[in-house]
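J.: First the structure, then my questions, so here it is.
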Amino acid sequence: MSRPAPRAAGHRRPLPPISRYALRVAALAAALGLWQLLTALDVDLWLRFSQFPTVTDVTHAFADRLAGADYWTDLTDSLTRILSGFLLAAVLGVAVGVLVARSRLAQDLLGPLLEVARPIPAIALVPVAILLFPSNEQGIVFITFTAAFFPVLVSTRHAVRALTPVWEEAVLTMGGGRWRILGSVVLPGALPGIFGGLSVGIGVSWICVISAEMISGQYGVGYRTWQDYTIVNYPGVFVGMVTIGVLGWLTSTAVELLGRRLTRWLPRTSYVPGARPAAPRTLPPARPALTAAGTDQPSDAGEARDEHLV
């Protein structure tokens with residue numbers, strides 16, 4: 001009986017899913033424990049942890065906020081703004097990205113304008129939004145839209161340009177027109193790149209909507225966080241920061257799950273970090289065919305194969 005091959009050095013068996021989740025929870029608990037220890041002991045080495053609220057202070061402030069109506073109003077307002085601006089940016093960003101990538105005329109007309117406007121930070125457009133829109137609500141949605149529009153646009157444009165022309169030629173050969181190419185080749189082929197831009201765009205949108213709420217908002221998580229800072233309510237500030245982080249994580253996860261569902265037809269990688277790579281299978285050497293005389297002579301099939309290779 002042959003013994004199993006020894007495990008290669010440097011490769012470890014991957015952890016089961018339940019162990020990975022337990023490891024993540026343990027890492028989060030360790031970070032919170034370190035935060036509580038440094039703030040409770042008023043450690044001031046280089047970073048001034050004595051100015052920070054403790055974990056228990058933030059927890060009590062969070063519980064008080066959850067019991068009030070203002071917290072849920074702020075949550076609803078911020079989600080409404082982020083979803084309105086992001087959905088509008090997703091639709092227009094994909095449409096303009098495909099148009100610029102597929103049309104030379106659109107590239108010549110819109111390309112210079114988009115490239116000049118793209119480096120401008122969305123938060124720098126707050127004065128423009130105040131002057132342009134009749135209400136602060138519309139201005140905040142505009143800033144959120146601008147923040148997500150350019151990542152979606154750039155990712156879509158690169159994804160469409162990276163498509164192989166063989167697929168389009170195949171559709172043309174079978175009698176398909178422009179709309180058939182767009183629906184069966186361009187958009188499905190560019191979906192991975194599009195969702196990459198959407199994932200980046202939703203994160204940038206949260207940054208800009210919170211900043212816009214701090215500057216010109218009346219309600220929202222960003223507005224409430226800034227108000228807590230002005231009245232020196234530091235536990236309330238951390239409540240706002242935690243809320244922003246959780247909301248950003250939930251929306252990013254939703255975008256990622258939607259992208260996986262819409263691209264189920266794509267091949268998935270089987271690579272697992274830290275896993276042992278599978279050894280390549282080797283086939284046994286082929287035996288030479290025996291002739292009727294019992295001597296080792298190439299068979300007719302072998303000769304035909306050799307002639308084909310030549």
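Lettering and numbering for the structure tokens are positional, with chains as A, B, ... in the shown order, residues counted from 1 in each chain, and ligands counted from 1 in the shown order.
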Kindly assemble as CSV a list of the region 158-206 of chain A residues that lie within 7 Å of region 246-261 of chain A, each paired with its nearest atom pair and their distance in Å to one decimal, using only C-alpha atoms, sorted first by chain and then by ascending residue number.

T.:
```
residue,atom,partner,partner_atom,distance
A:Phe195,CA,A:Gly259,CA,5.9
A:Ser199,CA,A:Ser252,CA,6.0
A:Ile202,CA,A:Ser252,CA,6.5
A:Gly203,CA,A:Gly248,CA,6.5
A:Trp206,CA,A:Gly248,CA,6.6
```

J.: Taking only C-alpha atoms into account, name the residue in A:Arg157, A:Phe149, A:Ser19, A:Val58 that is nearest to Met241 (chain A).

T.: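 Comparing A:Arg157, A:Phe149, A:Ser19, A:Val58 against Met241 (chain A), the winner is A:Val58.
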
J.: Which residues are near Trp72 (chain A)? Cut-off 12 Å, only C-alpha atoms, ignore same chain within fewer than 4 positions. Put them as a list in words.

T.: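 Neighbouring residues, sequence-local ones excluded: Arg65, Leu66, Ala67, Gly68, Thr76, Asp77, Ser78, Leu79, Tyr219, Gly220, Val221, Arg224 and Thr243 of chain A.
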
J.: Save out the residues we just selected, all heavy atoms, as an mmCIF file, in the first residue's frame.

T.:
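New file result-v4.cif:
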```cif
data_model
loop_
_atom_site.group_PDB
_atom_site.id
_atom_site.type_symbol
_atom_site.label_atom_id
_atom_site.label_comp_id
_atom_site.auth_asym_id
_atom_site.auth_seq_id
_atom_site.Cartn_x
_atom_site.Cartn_y
_atom_site.Cartn_z
ATOM 1 N N ARG A 65 -29.825 56.820 21.749
ATOM 2 C CA ARG A 65 -30.223 57.259 20.413
ATOM 3 C C ARG A 65 -31.280 56.327 19.811
ATOM 4 O O ARG A 65 -32.221 56.787 19.145
ATOM 5 C CB ARG A 65 -29.009 57.298 19.493
ATOM 6 C CG ARG A 65 -28.090 58.454 19.733
ATOM 7 C CD ARG A 65 -28.746 59.773 19.280
ATOM 8 N NE ARG A 65 -27.921 60.898 19.655
ATOM 9 C CZ ARG A 65 -26.902 61.331 18.922
ATOM 10 N NH1 ARG A 65 -26.613 60.749 17.774
ATOM 11 N NH2 ARG A 65 -26.184 62.343 19.338
ATOM 12 N N LEU A 66 -31.091 55.033 19.995
ATOM 13 C CA LEU A 66 -32.046 54.082 19.428
ATOM 14 C C LEU A 66 -33.439 54.252 20.019
ATOM 15 O O LEU A 66 -34.448 53.944 19.360
ATOM 16 C CB LEU A 66 -31.555 52.647 19.654
ATOM 17 C CG LEU A 66 -30.293 52.232 18.901
ATOM 18 C CD1 LEU A 66 -29.883 50.813 19.281
ATOM 19 C CD2 LEU A 66 -30.512 52.320 17.393
ATOM 20 N N ALA A 67 -33.505 54.725 21.243
ATOM 21 C CA ALA A 67 -34.806 54.908 21.892
ATOM 22 C C ALA A 67 -35.510 56.177 21.439
ATOM 23 O O ALA A 67 -36.716 56.337 21.699
ATOM 24 C CB ALA A 67 -34.640 54.932 23.414
ATOM 25 N N GLY A 68 -34.817 57.075 20.758
ATOM 26 C CA GLY A 68 -35.415 58.333 20.329
ATOM 27 C C GLY A 68 -35.850 58.282 18.876
ATOM 28 O O GLY A 68 -35.431 57.415 18.096
ATOM 29 N N THR A 76 -33.331 57.555 7.998
ATOM 30 C CA THR A 76 -34.189 57.536 6.808
ATOM 31 C C THR A 76 -33.776 58.603 5.807
ATOM 32 O O THR A 76 -33.714 58.345 4.589
ATOM 33 C CB THR A 76 -35.654 57.734 7.218
ATOM 34 O OG1 THR A 76 -36.023 56.724 8.160
ATOM 35 C CG2 THR A 76 -36.566 57.664 6.015
ATOM 36 N N ASP A 77 -33.462 59.803 6.297
ATOM 37 C CA ASP A 77 -33.063 60.878 5.389
ATOM 38 C C ASP A 77 -31.758 60.555 4.670
ATOM 39 O O ASP A 77 -31.634 60.773 3.457
ATOM 40 C CB ASP A 77 -32.923 62.188 6.161
ATOM 41 C CG ASP A 77 -34.262 62.740 6.617
ATOM 42 O OD1 ASP A 77 -35.286 62.293 6.071
ATOM 43 O OD2 ASP A 77 -34.291 63.585 7.529
ATOM 44 N N SER A 78 -30.776 60.039 5.401
ATOM 45 C CA SER A 78 -29.496 59.716 4.768
ATOM 46 C C SER A 78 -29.648 58.592 3.748
ATOM 47 O O SER A 78 -29.065 58.648 2.657
ATOM 48 C CB SER A 78 -28.474 59.327 5.838
ATOM 49 O OG SER A 78 -28.144 60.427 6.664
ATOM 50 N N LEU A 79 -30.427 57.565 4.077
ATOM 51 C CA LEU A 79 -30.633 56.466 3.131
ATOM 52 C C LEU A 79 -31.389 56.934 1.891
ATOM 53 O O LEU A 79 -31.082 56.498 0.775
ATOM 54 C CB LEU A 79 -31.388 55.324 3.817
ATOM 55 C CG LEU A 79 -30.569 54.453 4.766
ATOM 56 C CD1 LEU A 79 -31.465 53.448 5.477
ATOM 57 C CD2 LEU A 79 -29.463 53.726 4.007
ATOM 58 N N TYR A 219 -31.139 67.510 8.373
ATOM 59 C CA TYR A 219 -31.286 66.229 9.037
ATOM 60 C C TYR A 219 -30.317 65.252 8.388
ATOM 61 O O TYR A 219 -29.754 65.515 7.333
ATOM 62 C CB TYR A 219 -32.722 65.705 8.928
ATOM 63 C CG TYR A 219 -33.731 66.530 9.710
ATOM 64 C CD1 TYR A 219 -34.513 67.481 9.072
ATOM 65 C CD2 TYR A 219 -33.877 66.349 11.078
ATOM 66 C CE1 TYR A 219 -35.428 68.241 9.769
ATOM 67 C CE2 TYR A 219 -34.799 67.094 11.793
ATOM 68 C CZ TYR A 219 -35.568 68.044 11.137
ATOM 69 O OH TYR A 219 -36.464 68.798 11.850
ATOM 70 N N GLY A 220 -30.129 64.121 9.007
ATOM 71 C CA GLY A 220 -29.240 63.108 8.466
ATOM 72 C C GLY A 220 -28.164 62.732 9.462
ATOM 73 O O GLY A 220 -27.914 63.443 10.451
ATOM 74 N N VAL A 221 -27.506 61.612 9.200
ATOM 75 C CA VAL A 221 -26.473 61.115 10.103
ATOM 76 C C VAL A 221 -25.295 62.082 10.153
ATOM 77 O O VAL A 221 -24.738 62.351 11.222
ATOM 78 C CB VAL A 221 -26.017 59.710 9.665
ATOM 79 C CG1 VAL A 221 -24.936 59.174 10.601
ATOM 80 C CG2 VAL A 221 -27.202 58.743 9.652
ATOM 81 N N ARG A 224 -26.272 65.210 12.214
ATOM 82 C CA ARG A 224 -26.333 64.938 13.652
ATOM 83 C C ARG A 224 -24.944 64.736 14.227
ATOM 84 O O ARG A 224 -24.649 65.173 15.360
ATOM 85 C CB ARG A 224 -27.189 63.702 13.898
ATOM 86 C CG ARG A 224 -27.617 63.514 15.344
ATOM 87 C CD ARG A 224 -28.572 64.587 15.777
ATOM 88 N NE ARG A 224 -29.750 64.653 14.906
ATOM 89 C CZ ARG A 224 -30.689 65.584 15.004
ATOM 90 N NH1 ARG A 224 -30.574 66.547 15.909
ATOM 91 N NH2 ARG A 224 -31.731 65.559 14.175
ATOM 92 N N THR A 243 -22.600 54.342 12.973
ATOM 93 C CA THR A 243 -23.766 54.237 12.098
ATOM 94 C C THR A 243 -23.376 54.363 10.634
ATOM 95 O O THR A 243 -23.848 53.602 9.775
ATOM 96 C CB THR A 243 -24.788 55.322 12.464
ATOM 97 O OG1 THR A 243 -25.153 55.193 13.838
ATOM 98 C CG2 THR A 243 -26.034 55.202 11.603
#
```

J.: In Å to one decimal, how far is CA of Leu191 (chain A) from CA of Leu262 (chain A)?

T.: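 The value is 8.0 Å.
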
J.: Pick from A:Ala190, A:Ala147, A:Leu92, A:Leu87: nearest to Thr164 (chain A), with only C-alpha atoms counted?

T.: A:Ala190

J.: Can you pull out the residues contacting Arg81 (chain A)? Cut-off 8 Å, using only C-alpha atoms, and skip same-chain residues under 3 positions away; I want them as an NGL selection string.

T.: :A and (77-78 or 84-85 or 137 or 140-141 or 144 or 209)

J.: Quick one: write out the picked residues with N, CA, C and O atoms as a PDB file, in the first residue's frame?

T.:
```
ATOM      1  N   ASP A  77     -33.462  59.803   6.297  1.00  0.00           N
ATOM      2  CA  ASP A  77     -33.063  60.878   5.389  1.00  0.00           C
ATOM      3  C   ASP A  77     -31.758  60.555   4.670  1.00  0.00           C
ATOM      4  O   ASP A  77     -31.634  60.773   3.457  1.00  0.00           O
ATOM      5  N   SER A  78     -30.776  60.039   5.401  1.00  0.00           N
ATOM      6  CA  SER A  78     -29.496  59.716   4.768  1.00  0.00           C
ATOM      7  C   SER A  78     -29.648  58.592   3.748  1.00  0.00           C
ATOM      8  O   SER A  78     -29.065  58.648   2.657  1.00  0.00           O
ATOM      9  N   SER A  84     -31.166  57.710  -3.765  1.00  0.00           N
ATOM     10  CA  SER A  84     -31.599  58.526  -4.905  1.00  0.00           C
ATOM     11  C   SER A  84     -30.413  58.912  -5.784  1.00  0.00           C
ATOM     12  O   SER A  84     -30.437  58.738  -7.012  1.00  0.00           O
ATOM     13  N   GLY A  85     -29.371  59.450  -5.160  1.00  0.00           N
ATOM     14  CA  GLY A  85     -28.213  59.851  -5.937  1.00  0.00           C
ATOM     15  C   GLY A  85     -27.475  58.682  -6.561  1.00  0.00           C
ATOM     16  O   GLY A  85     -27.028  58.756  -7.716  1.00  0.00           O
ATOM     17  N   GLU A 137     -31.973  69.787  -0.004  1.00  0.00           N
ATOM     18  CA  GLU A 137     -32.189  68.360  -0.249  1.00  0.00           C
ATOM     19  C   GLU A 137     -31.757  67.973  -1.658  1.00  0.00           C
ATOM     20  O   GLU A 137     -31.050  66.989  -1.864  1.00  0.00           O
ATOM     21  N   ILE A 140     -27.920  68.062  -1.980  1.00  0.00           N
ATOM     22  CA  ILE A 140     -27.220  66.914  -1.400  1.00  0.00           C
ATOM     23  C   ILE A 140     -27.335  65.697  -2.310  1.00  0.00           C
ATOM     24  O   ILE A 140     -26.370  64.937  -2.495  1.00  0.00           O
ATOM     25  N   VAL A 141     -28.509  65.496  -2.901  1.00  0.00           N
ATOM     26  CA  VAL A 141     -28.675  64.383  -3.851  1.00  0.00           C
ATOM     27  C   VAL A 141     -27.763  64.584  -5.060  1.00  0.00           C
ATOM     28  O   VAL A 141     -27.175  63.623  -5.580  1.00  0.00           O
ATOM     29  N   THR A 144     -24.250  63.617  -4.074  1.00  0.00           N
ATOM     30  CA  THR A 144     -24.156  62.161  -3.998  1.00  0.00           C
ATOM     31  C   THR A 144     -24.103  61.540  -5.385  1.00  0.00           C
ATOM     32  O   THR A 144     -23.334  60.607  -5.640  1.00  0.00           O
ATOM     33  N   VAL A 209     -21.986  62.275   0.900  1.00  0.00           N
ATOM     34  CA  VAL A 209     -23.285  62.649   1.449  1.00  0.00           C
ATOM     35  C   VAL A 209     -23.158  63.043   2.915  1.00  0.00           C
ATOM     36  O   VAL A 209     -23.825  63.983   3.388  1.00  0.00           O
TER      37      VAL A 209
END
```

J.: Show which residues sit within 9 Å of region 231-234 of chain A, as a list in words. Count only C-alpha atoms, and ignore same-chain residues fewer than 2 positions away.

T.: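 Counting only C-alpha atoms, the residues come to Gln51, Phe52, Pro53, Val58, Trp226, Gln227, Asp228, Tyr229, Gly236, Val237, Phe238 and Val239 of chain A.
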
J.: Select, from A:Thr73, A:Gln36, A:Ser184, A:Arg178, the residue with the minimum atom-to-atom distance to Arg102 (chain A), counting only C-alpha atoms.

T.: A:Arg178

J.: Expressed in Å to a single decimal, how great is the separation between CA of Ile143 (chain A) and CA of Ala122 (chain A)?

T.: 5.8 Å

J.: Rounded to one decimal place, report the CA of Ala63 (chain A)-CA of Leu75 (chain A) distance in Å.

T.: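 Pair CA of Ala63 (chain A) / CA of Leu75 (chain A) returns 15.0 Å.
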
J.: Would you pick out the contacts of Ile194 (chain A) at 8 Å or less, using only C-alpha atoms, so that residues sharing its chain but fewer than 4 positions from it are not included, and give the list as a PyMOL selection string?

T.: chain A and resi 94+152+155-156+159+190+198

J.: Quick one: write out the picked residues with C-alpha atoms as a compact mmCIF listing (two decimals), in the first residue's frame?

T.:
```
# COMPACT_ATOMS: atom_id res chain seq x y z
CA VAL A 94 -23.57 53.00 -17.32
CA VAL A 152 -19.30 54.02 -12.62
CA SER A 155 -15.32 51.41 -15.00
CA THR A 156 -18.03 50.92 -17.62
CA ALA A 159 -15.00 47.27 -19.38
CA ALA A 190 -19.08 44.44 -19.17
CA LEU A 198 -20.71 50.49 -8.51
```

J.: Would you give me, as a ChimeraX atom specification, the residues in region 116-220 of chain A that DSSP reads as helix (DSSP H, G or I)?

T.: /A:116-117,122-132,136-161,165-173,178-216
